[in-house]
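Chemist: Quick one: structure below, then a few questions.
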Amino acid sequence: MQIRKHMIFSGEVQGVGFRYRAFVYARELGLTGWVINLDDGRVEMEVQGEEEKMTCLKDRLRNSRWIEIHDIEEQSIPVIEEREFRIGN
């Protein structure tokens, strides 16, 4: 079943390849959505797909070198029509 989540990651998440890794992992897992850096040093993401694959994405990011996630604010949002995962600013 497809779900969509809005997430905000805090910690050591900018300048460490977070967006690129999120992009690669999401594509490998067949997830769609987007990821951007926020001005306050956090990273914002919307991701859509199967919940198990989203959990796998978060686990891969947590276990990536140089990335240190301290907190994830997460909420479910409506599913939309989209075909890919992309990196924003």
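The way I read the labels, and the way they are meant: chains A, B, ... in the order of the structure tokens, residue 1 as the first residue of every chain, and ligand 1 as the first ligand shown, with later ones counted on from there.
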Please list as a count of residues only every residue within 9 Å of A:Gly88, counting only C-alpha atoms and excluding residues in the same chain fewer than 4 positions away.
Modeler: 5
Chemist: At a cut-off of 7 Å, using only C-alpha atoms, what residues contact A:Gly33? Leave out same-chain residues fewer than 3 positions from it and give the result as a ChimeraX atom specification.
Modeler: /A:46-48,84-86
Chemist: Give me, as an mmCIF file with N, CA, C and O atoms, in the first residue's frame, all polymer residues having an atom no more than 12 Å from A:Glu44, counting only C-alpha atoms and skipping those fewer than 3 positions away in the same chain.
Modeler:
```
data_model
loop_
_atom_site.group_PDB
_atom_site.id
_atom_site.type_symbol
_atom_site.label_atom_id
_atom_site.label_comp_id
_atom_site.auth_asym_id
_atom_site.auth_seq_id
_atom_site.Cartn_x
_atom_site.Cartn_y
_atom_site.Cartn_z
ATOM 1 N N LYS A 5 4.944 10.449 3.376
ATOM 2 C CA LYS A 5 5.327 11.071 4.641
ATOM 3 C C LYS A 5 6.148 12.325 4.389
ATOM 4 O O LYS A 5 6.949 12.377 3.462
ATOM 5 N N HIS A 6 5.922 13.293 5.244
ATOM 6 C CA HIS A 6 6.726 14.510 5.284
ATOM 7 C C HIS A 6 7.672 14.334 6.466
ATOM 8 O O HIS A 6 7.242 14.007 7.570
ATOM 9 N N MET A 7 8.976 14.543 6.242
ATOM 10 C CA MET A 7 9.973 14.331 7.292
ATOM 11 C C MET A 7 10.925 15.512 7.348
ATOM 12 O O MET A 7 11.274 16.078 6.311
ATOM 13 N N ILE A 8 11.347 15.843 8.550
ATOM 14 C CA ILE A 8 12.403 16.831 8.742
ATOM 15 C C ILE A 8 13.469 16.183 9.613
ATOM 16 O O ILE A 8 13.200 15.726 10.719
ATOM 17 N N PHE A 9 14.683 16.122 9.062
ATOM 18 C CA PHE A 9 15.823 15.487 9.724
ATOM 19 C C PHE A 9 16.694 16.564 10.351
ATOM 20 O O PHE A 9 17.018 17.561 9.710
ATOM 21 N N SER A 10 17.092 16.348 11.602
ATOM 22 C CA SER A 10 18.033 17.264 12.247
ATOM 23 C C SER A 10 19.254 16.486 12.709
ATOM 24 O O SER A 10 19.202 15.275 12.889
ATOM 25 N N VAL A 13 23.363 16.757 9.073
ATOM 26 C CA VAL A 13 22.662 16.310 7.863
ATOM 27 C C VAL A 13 22.902 17.201 6.649
ATOM 28 O O VAL A 13 22.382 16.909 5.571
ATOM 29 N N GLN A 14 23.665 18.281 6.810
ATOM 30 C CA GLN A 14 24.027 19.112 5.658
ATOM 31 C C GLN A 14 25.532 19.093 5.484
ATOM 32 O O GLN A 14 26.281 19.048 6.459
ATOM 33 N N PHE A 18 23.939 13.975 2.430
ATOM 34 C CA PHE A 18 22.622 13.452 2.802
ATOM 35 C C PHE A 18 21.659 13.432 1.619
ATOM 36 O O PHE A 18 21.030 12.407 1.346
ATOM 37 N N ARG A 19 21.521 14.563 0.923
ATOM 38 C CA ARG A 19 20.548 14.619 -0.174
ATOM 39 C C ARG A 19 20.890 13.639 -1.287
ATOM 40 O O ARG A 19 20.012 12.957 -1.812
ATOM 41 N N ALA A 22 20.125 10.130 -0.057
ATOM 42 C CA ALA A 22 18.672 9.937 -0.023
ATOM 43 C C ALA A 22 18.146 9.678 -1.432
ATOM 44 O O ALA A 22 17.314 8.792 -1.648
ATOM 45 N N GLY A 33 9.449 11.157 -4.489
ATOM 46 C CA GLY A 33 9.386 12.306 -3.597
ATOM 47 C C GLY A 33 10.486 13.292 -3.887
ATOM 48 O O GLY A 33 10.966 13.402 -5.020
ATOM 49 N N TRP A 34 10.935 13.982 -2.830
ATOM 50 C CA TRP A 34 11.973 14.991 -2.980
ATOM 51 C C TRP A 34 12.668 15.223 -1.645
ATOM 52 O O TRP A 34 12.163 14.856 -0.595
ATOM 53 N N VAL A 35 13.841 15.862 -1.721
ATOM 54 C CA VAL A 35 14.623 16.194 -0.533
ATOM 55 C C VAL A 35 15.304 17.546 -0.766
ATOM 56 O O VAL A 35 15.801 17.807 -1.861
ATOM 57 N N ILE A 36 15.277 18.422 0.263
ATOM 58 C CA ILE A 36 15.911 19.741 0.171
ATOM 59 C C ILE A 36 16.596 20.088 1.487
ATOM 60 O O ILE A 36 16.231 19.581 2.542
ATOM 61 N N ASN A 37 17.595 20.968 1.407
ATOM 62 C CA ASN A 37 18.210 21.550 2.591
ATOM 63 C C ASN A 37 17.364 22.720 3.057
ATOM 64 O O ASN A 37 16.839 23.480 2.239
ATOM 65 N N LEU A 38 17.252 22.891 4.362
ATOM 66 C CA LEU A 38 16.592 24.055 4.942
ATOM 67 C C LEU A 38 17.646 25.048 5.422
ATOM 68 O O LEU A 38 18.776 24.658 5.732
ATOM 69 N N ASP A 39 17.277 26.303 5.505
ATOM 70 C CA ASP A 39 18.210 27.346 5.911
ATOM 71 C C ASP A 39 18.720 27.175 7.333
ATOM 72 O O ASP A 39 19.773 27.702 7.686
ATOM 73 N N ASP A 40 17.994 26.460 8.170
ATOM 74 C CA ASP A 40 18.388 26.297 9.578
ATOM 75 C C ASP A 40 19.284 25.085 9.835
ATOM 76 O O ASP A 40 19.529 24.717 10.977
ATOM 77 N N GLY A 41 19.760 24.421 8.761
ATOM 78 C CA GLY A 41 20.669 23.289 8.925
ATOM 79 C C GLY A 41 19.996 21.929 8.927
ATOM 80 O O GLY A 41 20.671 20.902 8.965
ATOM 81 N N VAL A 47 8.447 11.674 0.996
ATOM 82 C CA VAL A 47 8.744 10.387 0.371
ATOM 83 C C VAL A 47 7.459 9.567 0.303
ATOM 84 O O VAL A 47 6.624 9.620 1.203
ATOM 85 N N ASP A 71 17.273 13.587 15.142
ATOM 86 C CA ASP A 71 15.822 13.539 15.282
ATOM 87 C C ASP A 71 15.177 13.537 13.902
ATOM 88 O O ASP A 71 15.725 14.108 12.954
ATOM 89 N N ILE A 72 14.010 12.891 13.813
ATOM 90 C CA ILE A 72 13.194 12.933 12.596
ATOM 91 C C ILE A 72 11.778 13.318 13.011
ATOM 92 O O ILE A 72 11.131 12.582 13.759
ATOM 93 N N GLU A 73 11.331 14.493 12.542
ATOM 94 C CA GLU A 73 9.933 14.872 12.704
ATOM 95 C C GLU A 73 9.206 14.283 11.502
ATOM 96 O O GLU A 73 9.615 14.500 10.368
ATOM 97 N N GLU A 74 8.136 13.553 11.753
ATOM 98 C CA GLU A 74 7.503 12.794 10.672
ATOM 99 C C GLU A 74 5.993 12.864 10.791
ATOM 100 O O GLU A 74 5.456 12.742 11.891
ATOM 101 N N GLN A 75 5.324 13.067 9.655
ATOM 102 C CA GLN A 75 3.864 13.004 9.647
ATOM 103 C C GLN A 75 3.374 12.441 8.325
ATOM 104 O O GLN A 75 4.004 12.642 7.289
ATOM 105 N N ILE A 87 16.172 15.787 -6.095
ATOM 106 C CA ILE A 87 16.890 16.617 -5.142
ATOM 107 C C ILE A 87 16.563 18.067 -5.440
ATOM 108 O O ILE A 87 16.659 18.508 -6.576
ATOM 109 N N GLY A 88 16.189 18.812 -4.393
ATOM 110 C CA GLY A 88 15.959 20.248 -4.519
ATOM 111 C C GLY A 88 17.194 21.003 -4.054
ATOM 112 O O GLY A 88 18.260 20.432 -3.875
ATOM 113 N N ASN A 89 17.058 22.274 -3.817
ATOM 114 C CA ASN A 89 18.187 23.138 -3.411
ATOM 115 C C ASN A 89 18.759 22.718 -2.077
ATOM 116 O O ASN A 89 18.189 22.569 -1.122
#
```
Chemist: Residues of chain A in strand (DSSP E) according to DSSP, as a ChimeraX atom specification?
Modeler: /A:3-12,32-37,43-49,68-77,85-87
Chemist: Got a sec: who's within 12 Å of A:Glu52, counting only C-alpha atoms, leaving out chain neighbours fewer than 2 positions off, as a list in words?
Modeler: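 The residues that qualify are Met1, Gln2, Ile3, Leu29, Gly30, Leu31, Gln48, Gly49, Glu50, Met54, Thr55, Cys56, Leu57, Lys58 and Asp59 of chain A.
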Chemist: Put those residues in a file: N, CA, C and O atoms, as a short mmCIF file (atom, residue, chain, number, x, y, z; two decimals), in the first residue's frame.
Modeler:
```cif
data_model
loop_
_atom_site.label_atom_id
_atom_site.label_comp_id
_atom_site.auth_asym_id
_atom_site.auth_seq_id
_atom_site.Cartn_x
_atom_site.Cartn_y
_atom_site.Cartn_z
N MET A 1 0.83 -1.18 0.00
CA MET A 1 0.00 0.00 0.00
C MET A 1 0.88 1.25 0.00
O MET A 1 1.83 1.35 0.77
N GLN A 2 0.57 2.19 -0.88
CA GLN A 2 1.31 3.43 -0.99
C GLN A 2 0.92 4.40 0.13
O GLN A 2 -0.26 4.61 0.39
N ILE A 3 1.93 4.97 0.77
CA ILE A 3 1.72 6.04 1.74
C ILE A 3 2.70 7.16 1.41
O ILE A 3 3.64 6.96 0.63
N LEU A 29 15.16 1.85 -3.95
CA LEU A 29 14.02 1.24 -3.26
C LEU A 29 12.69 1.46 -3.99
O LEU A 29 11.66 0.97 -3.55
N GLY A 30 12.71 2.22 -5.08
CA GLY A 30 11.49 2.47 -5.83
C GLY A 30 10.57 3.50 -5.18
O GLY A 30 9.36 3.49 -5.42
N LEU A 31 11.14 4.39 -4.36
CA LEU A 31 10.36 5.43 -3.70
C LEU A 31 10.36 6.70 -4.54
O LEU A 31 11.27 6.94 -5.32
N GLN A 48 7.33 8.82 -0.78
CA GLN A 48 6.12 8.06 -1.05
C GLN A 48 6.47 6.66 -1.51
O GLN A 48 7.39 6.48 -2.31
N GLY A 49 5.71 5.70 -1.01
CA GLY A 49 5.91 4.30 -1.39
C GLY A 49 5.43 3.40 -0.27
O GLY A 49 4.59 3.78 0.54
N GLU A 50 5.98 2.20 -0.22
CA GLU A 50 5.62 1.25 0.82
C GLU A 50 6.34 1.61 2.12
O GLU A 50 7.51 1.99 2.11
N MET A 54 10.33 2.78 3.19
CA MET A 54 10.67 4.05 3.84
C MET A 54 11.51 3.79 5.09
O MET A 54 12.46 4.52 5.36
N THR A 55 11.16 2.75 5.83
CA THR A 55 11.95 2.38 7.01
C THR A 55 13.36 2.00 6.59
O THR A 55 14.34 2.39 7.23
N CYS A 56 13.48 1.27 5.51
CA CYS A 56 14.79 0.88 4.98
C CYS A 56 15.59 2.13 4.57
O CYS A 56 16.79 2.22 4.85
N LEU A 57 14.94 3.10 3.93
CA LEU A 57 15.60 4.34 3.54
C LEU A 57 16.16 5.05 4.77
O LEU A 57 17.32 5.45 4.80
N LYS A 58 15.35 5.18 5.82
CA LYS A 58 15.81 5.85 7.03
C LYS A 58 16.96 5.08 7.68
O LYS A 58 17.93 5.70 8.14
N ASP A 59 16.89 3.76 7.70
CA ASP A 59 17.97 2.95 8.26
C ASP A 59 19.26 3.13 7.48
O ASP A 59 20.34 3.26 8.07
#
```
Chemist: Just asking: which residues within chain A are helix (DSSP H, G or I) according to DSSP, as a PyMOL selection string?
Modeler: chain A and resi 18-29+51-62
Chemist: For A:Arg42, which residue out of A:Trp66, A:Glu12, A:Arg27, A:Val79 is the nearest one, using only C-alpha atoms?
Modeler: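 Between A:Trp66, A:Glu12, A:Arg27, A:Val79, the residue approaching A:Arg42 most closely is A:Glu12.
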Chemist: Using only C-alpha atoms, find the one residue out of A:Glu82, A:Val24, A:Val43, A:Ser76 that sits nearest to A:Arg60.
Modeler: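 Of A:Glu82, A:Val24, A:Val43, A:Ser76, the one nearest A:Arg60 is A:Val24, counting only C-alpha atoms.
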